[in-house]
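Worksheet: one structure, shown below.
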Amino acid sequence: MDIQNHYYGHSAALALHAGLDSVRHLRGLLQHGWTVRSPSLVHFSDFARLPRTSRRLVWSHRARGWDPAEDPFLTTPIGAPFLYLSALTADEPVADLGAAVAFPVHDTRLVKLQHDDAALARELAERDGPSLVCLHPEDLDRPEKVQVWNEHGHRVVSAGERRDPQFLGRILRLVRGARRVVSNQLSTAVVYAAAEGTPTAIYGGDLAIGSLGTEVSRRTRELWPEFHDDTVEDATRRAIALAELGHEHLHSPAALRAALGWDRSTAGPFLSYWGGAPLRKAGAVLGLVERTEGAQDAGSGQSPLVFLRHPLSHLPGRLPSLPARNALLPEPLVPSGHTPHSA
């Protein structure tokens, strides 16, 4: 229904579990990252209204950051795509990386963070030694950001572009093989790592994120103190992470096909993906269509001109292809121009 359904290889992971031979359009909106508040307010805020048969598909109804009973919309929990991919690859060995892996919270085309990359790179080097640093594609486009990590002896890698169907597999490979996963804020990758039983750590102080300021960082410390306390055991964090990711909501292949609208063929999701959703989002940006009350995205309040700087990034494209069954955990990518060294 919308391009966010196909971010980070999520729809590909769901299609593999559902037993499909290709990715299809979803009948609804799919949560595409771990959130500290309701996905209705964070990821779906441009869609105050949906077609009658469409669903708001979330990962969990046991996440600490929001209460489904108080949400302004009805939501359907299906479990995180990461958990489906983890189960599909449970018997595939991953080589020990012998190093920590850091996932710094990233800028976006719309929102720039206020934080010190050099300070985080230095702390990572002091506490974990030379590490792998997985930068989001938004940050890889900025050479000065890559240079900071190189200067402190770290190896920069990438999980790919946002619409790369193997993105999630590369993240899974990294967090499963890491000695420890580190970030400067509790975030999706840290929750993934904890769910795999990998030790995690949060470095640095609160981050300021666009119009939200430091509210997200403060909220993570208040609601998930276990991830900020070095004395908490990995097993405790794993139990929390599995609840956040919706482990208890995982569907059988048949039930997942039904939840996503993949048990029948209709033109609605196709038409919405290529026409209805882009028009709706454009209307929301221009103030012509109402957004969800209480929207919590960091780009709220920005001028429409900010969105128009990268107009093609908001447009739909071909659906992602399915990764081969023997290539679900690919090696991370090495950015062009970066020479890797042993971590």
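Residues are referred to by chain and number: the chain letter is A, B, ... according to the order shown in the structure tokens, the number counts from 1 in that chain, and ligands are numbered separately from 1 in the order shown.
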
| request: Tell me, as a ChimeraX atom specification, which residues lie within 10 Å of segment 136-140 of chain A, counting only C-alpha atoms; anything in the same chain fewer than 2 positions away does not count. | output: /A:103-109,133-134,142-146,156-162,335-336

| field | Backbone-only DSSP, strand (DSSP E) members of segment 57-275 of chain A, as JSON, numbers by chain | value | {"A": [57, 58, 75, 76, 77, 101, 102, 113, 114, 132, 133, 134, 155, 156, 157, 181, 182, 183, 200, 201, 202, 208, 209]}

| query | For Gly79 of chain A, which residue out of A:Val190, A:Leu41, A:Ala125, A:Ala243 is the nearest one, using only C-alpha atoms? | reply | A:Ala243

| task | Excluding Ile240 of chain A and residues on its chain fewer than 2 positions from it, collect all residues at most 9 Å away from it, counting only C-alpha atoms, and give them as a count of residues only. | result | 14

Residues of segment 136-199 of chain A that have any atom at most 9 Å from an atom of segment 322-332 of chain A: could you tabulate them with the shortest-distance atom pair and the distance in Å to one decimal, using only C-alpha atoms, ordered by chain and increasing number, as a tab-separated table?
```
residue	atom	partner	partner_atom	distance
A:Val157	CA	A:Pro332	CA	6.1
A:Ser158	CA	A:Pro332	CA	5.7
A:Ala159	CA	A:Pro332	CA	5.4
A:Gly160	CA	A:Pro332	CA	7.8
A:Pro165	CA	A:Leu322	CA	6.8
A:Gln166	CA	A:Pro323	CA	6.6
A:Phe167	CA	A:Pro332	CA	8.6
A:Leu168	CA	A:Leu329	CA	8.4
A:Gly169	CA	A:Leu329	CA	4.6
A:Arg170	CA	A:Pro332	CA	5.4
A:Ile171	CA	A:Pro332	CA	7.8
A:Leu172	CA	A:Leu329	CA	7.0
A:Arg173	CA	A:Leu329	CA	5.6
A:Leu174	CA	A:Pro332	CA	7.6
```

Expected file contents, prior selection, all heavy atoms, as a tab-separated table (two decimals), in the first residue's frame:
```tsv
chain	number	residue	atom	x	y	z
A	157	VAL	N	30.88	-0.34	7.50
A	157	VAL	CA	30.14	-1.25	6.62
A	157	VAL	C	28.72	-0.71	6.45
A	157	VAL	O	28.31	0.23	7.12
A	157	VAL	CB	30.10	-2.69	7.17
A	157	VAL	CG1	31.51	-3.27	7.25
A	157	VAL	CG2	29.41	-2.75	8.53
A	158	SER	N	27.98	-1.37	5.56
A	158	SER	CA	26.61	-0.94	5.28
A	158	SER	C	25.71	-2.15	5.10
A	158	SER	O	26.16	-3.21	4.66
A	158	SER	CB	26.59	-0.09	3.99
A	158	SER	OG	25.27	0.10	3.52
A	159	ALA	N	24.44	-1.98	5.45
A	159	ALA	CA	23.45	-3.04	5.20
A	159	ALA	C	22.76	-2.85	3.87
A	159	ALA	O	21.94	-3.68	3.47
A	159	ALA	CB	22.41	-3.07	6.32
A	160	GLY	N	23.09	-1.78	3.15
A	160	GLY	CA	22.50	-1.54	1.85
A	160	GLY	C	21.55	-0.36	1.85
A	160	GLY	O	21.37	0.32	2.86
A	165	PRO	N	16.28	-5.68	-0.57
A	165	PRO	CA	15.61	-6.79	0.11
A	165	PRO	C	16.53	-7.61	1.01
A	165	PRO	O	16.05	-8.38	1.83
A	165	PRO	CB	15.07	-7.64	-1.04
A	165	PRO	CG	15.94	-7.30	-2.21
A	165	PRO	CD	16.29	-5.85	-2.04
A	166	GLN	N	17.85	-7.42	0.89
A	166	GLN	CA	18.79	-8.15	1.74
A	166	GLN	C	19.28	-7.31	2.91
A	166	GLN	O	20.15	-7.75	3.68
A	166	GLN	CB	19.97	-8.65	0.91
A	166	GLN	CG	19.58	-9.75	-0.08
A	166	GLN	CD	20.79	-10.36	-0.74
A	166	GLN	OE1	21.60	-9.67	-1.34
A	166	GLN	NE2	20.91	-11.67	-0.65
A	167	PHE	N	18.72	-6.13	3.07
A	167	PHE	CA	19.11	-5.25	4.18
A	167	PHE	C	18.96	-5.96	5.52
A	167	PHE	O	19.89	-5.99	6.34
A	167	PHE	CB	18.24	-3.99	4.14
A	167	PHE	CG	18.64	-2.89	5.09
A	167	PHE	CD1	19.27	-1.76	4.62
A	167	PHE	CD2	18.38	-2.98	6.44
A	167	PHE	CE1	19.64	-0.73	5.48
A	167	PHE	CE2	18.73	-1.97	7.31
A	167	PHE	CZ	19.37	-0.84	6.83
A	168	LEU	N	17.79	-6.54	5.76
A	168	LEU	CA	17.52	-7.17	7.05
A	168	LEU	C	18.44	-8.35	7.30
A	168	LEU	O	18.89	-8.58	8.43
A	168	LEU	CB	16.06	-7.61	7.11
A	168	LEU	CG	15.51	-8.00	8.49
A	168	LEU	CD1	15.57	-6.82	9.45
A	168	LEU	CD2	14.07	-8.50	8.36
A	169	GLY	N	18.75	-9.11	6.26
A	169	GLY	CA	19.65	-10.25	6.41
A	169	GLY	C	21.05	-9.82	6.81
A	169	GLY	O	21.72	-10.50	7.60
A	170	ARG	N	21.51	-8.70	6.29
A	170	ARG	CA	22.84	-8.20	6.67
A	170	ARG	C	22.85	-7.73	8.12
A	170	ARG	O	23.81	-7.96	8.86
A	170	ARG	CB	23.26	-7.06	5.74
A	170	ARG	CG	23.45	-7.50	4.29
A	170	ARG	CD	24.06	-6.40	3.42
A	170	ARG	NE	24.16	-6.83	2.04
A	170	ARG	CZ	23.31	-6.48	1.07
A	170	ARG	NH1	22.30	-5.66	1.36
A	170	ARG	NH2	23.45	-6.94	-0.14
A	171	ILE	N	21.77	-7.08	8.54
A	171	ILE	CA	21.67	-6.67	9.94
A	171	ILE	C	21.68	-7.89	10.85
A	171	ILE	O	22.38	-7.92	11.88
A	171	ILE	CB	20.38	-5.84	10.17
A	171	ILE	CG1	20.42	-4.53	9.38
A	171	ILE	CG2	20.18	-5.56	11.66
A	171	ILE	CD1	21.47	-3.55	9.82
A	172	LEU	N	20.90	-8.91	10.49
A	172	LEU	CA	20.84	-10.13	11.30
A	172	LEU	C	22.21	-10.78	11.39
A	172	LEU	O	22.63	-11.23	12.47
A	172	LEU	CB	19.81	-11.09	10.71
A	172	LEU	CG	19.68	-12.47	11.38
A	172	LEU	CD1	19.48	-12.36	12.88
A	172	LEU	CD2	18.54	-13.25	10.73
A	173	ARG	N	22.92	-10.84	10.29
A	173	ARG	CA	24.27	-11.43	10.30
A	173	ARG	C	25.19	-10.66	11.25
A	173	ARG	O	25.95	-11.26	12.02
A	173	ARG	CB	24.85	-11.44	8.89
A	173	ARG	CG	26.21	-12.15	8.79
A	173	ARG	CD	26.80	-12.04	7.40
A	173	ARG	NE	27.99	-12.86	7.28
A	173	ARG	CZ	28.00	-14.09	6.79
A	173	ARG	NH1	26.87	-14.64	6.35
A	173	ARG	NH2	29.13	-14.77	6.72
A	174	LEU	N	25.10	-9.34	11.22
A	174	LEU	CA	25.97	-8.52	12.07
A	174	LEU	C	25.64	-8.69	13.55
A	174	LEU	O	26.54	-8.88	14.37
A	174	LEU	CB	25.84	-7.05	11.67
A	174	LEU	CG	26.52	-6.63	10.37
A	174	LEU	CD1	26.09	-5.22	9.96
A	174	LEU	CD2	28.04	-6.70	10.51
```

| message | Under the rule that only C-alpha atoms are counted, which of A:Ala100, A:Val148, A:Ala18, A:Leu26 is the nearest residue to Gln4 of chain A? | response |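 Result for the nearest residue to Gln4 of chain A: A:Leu26.
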
| task | Go through segment 128-218 of chain A and collect every residue that DSSP, computed from the backbone, puts in alpha helix (DSSP H); the answer should be as JSON, numbers by chain. | result | {"A": [128, 137, 138, 139, 140, 143, 144, 145, 146, 147, 148, 149, 150, 151, 167, 168, 169, 170, 171, 172, 173, 174, 175, 176, 177, 188, 189, 190, 191, 192, 193, 194, 195, 215, 216, 217, 218]}

| For the atom pair atom CA of Glu233 of chain A and atom CA of Pro199 of chain A, what is the interatomic distance in Å to one decimal place? | 8.6 Å
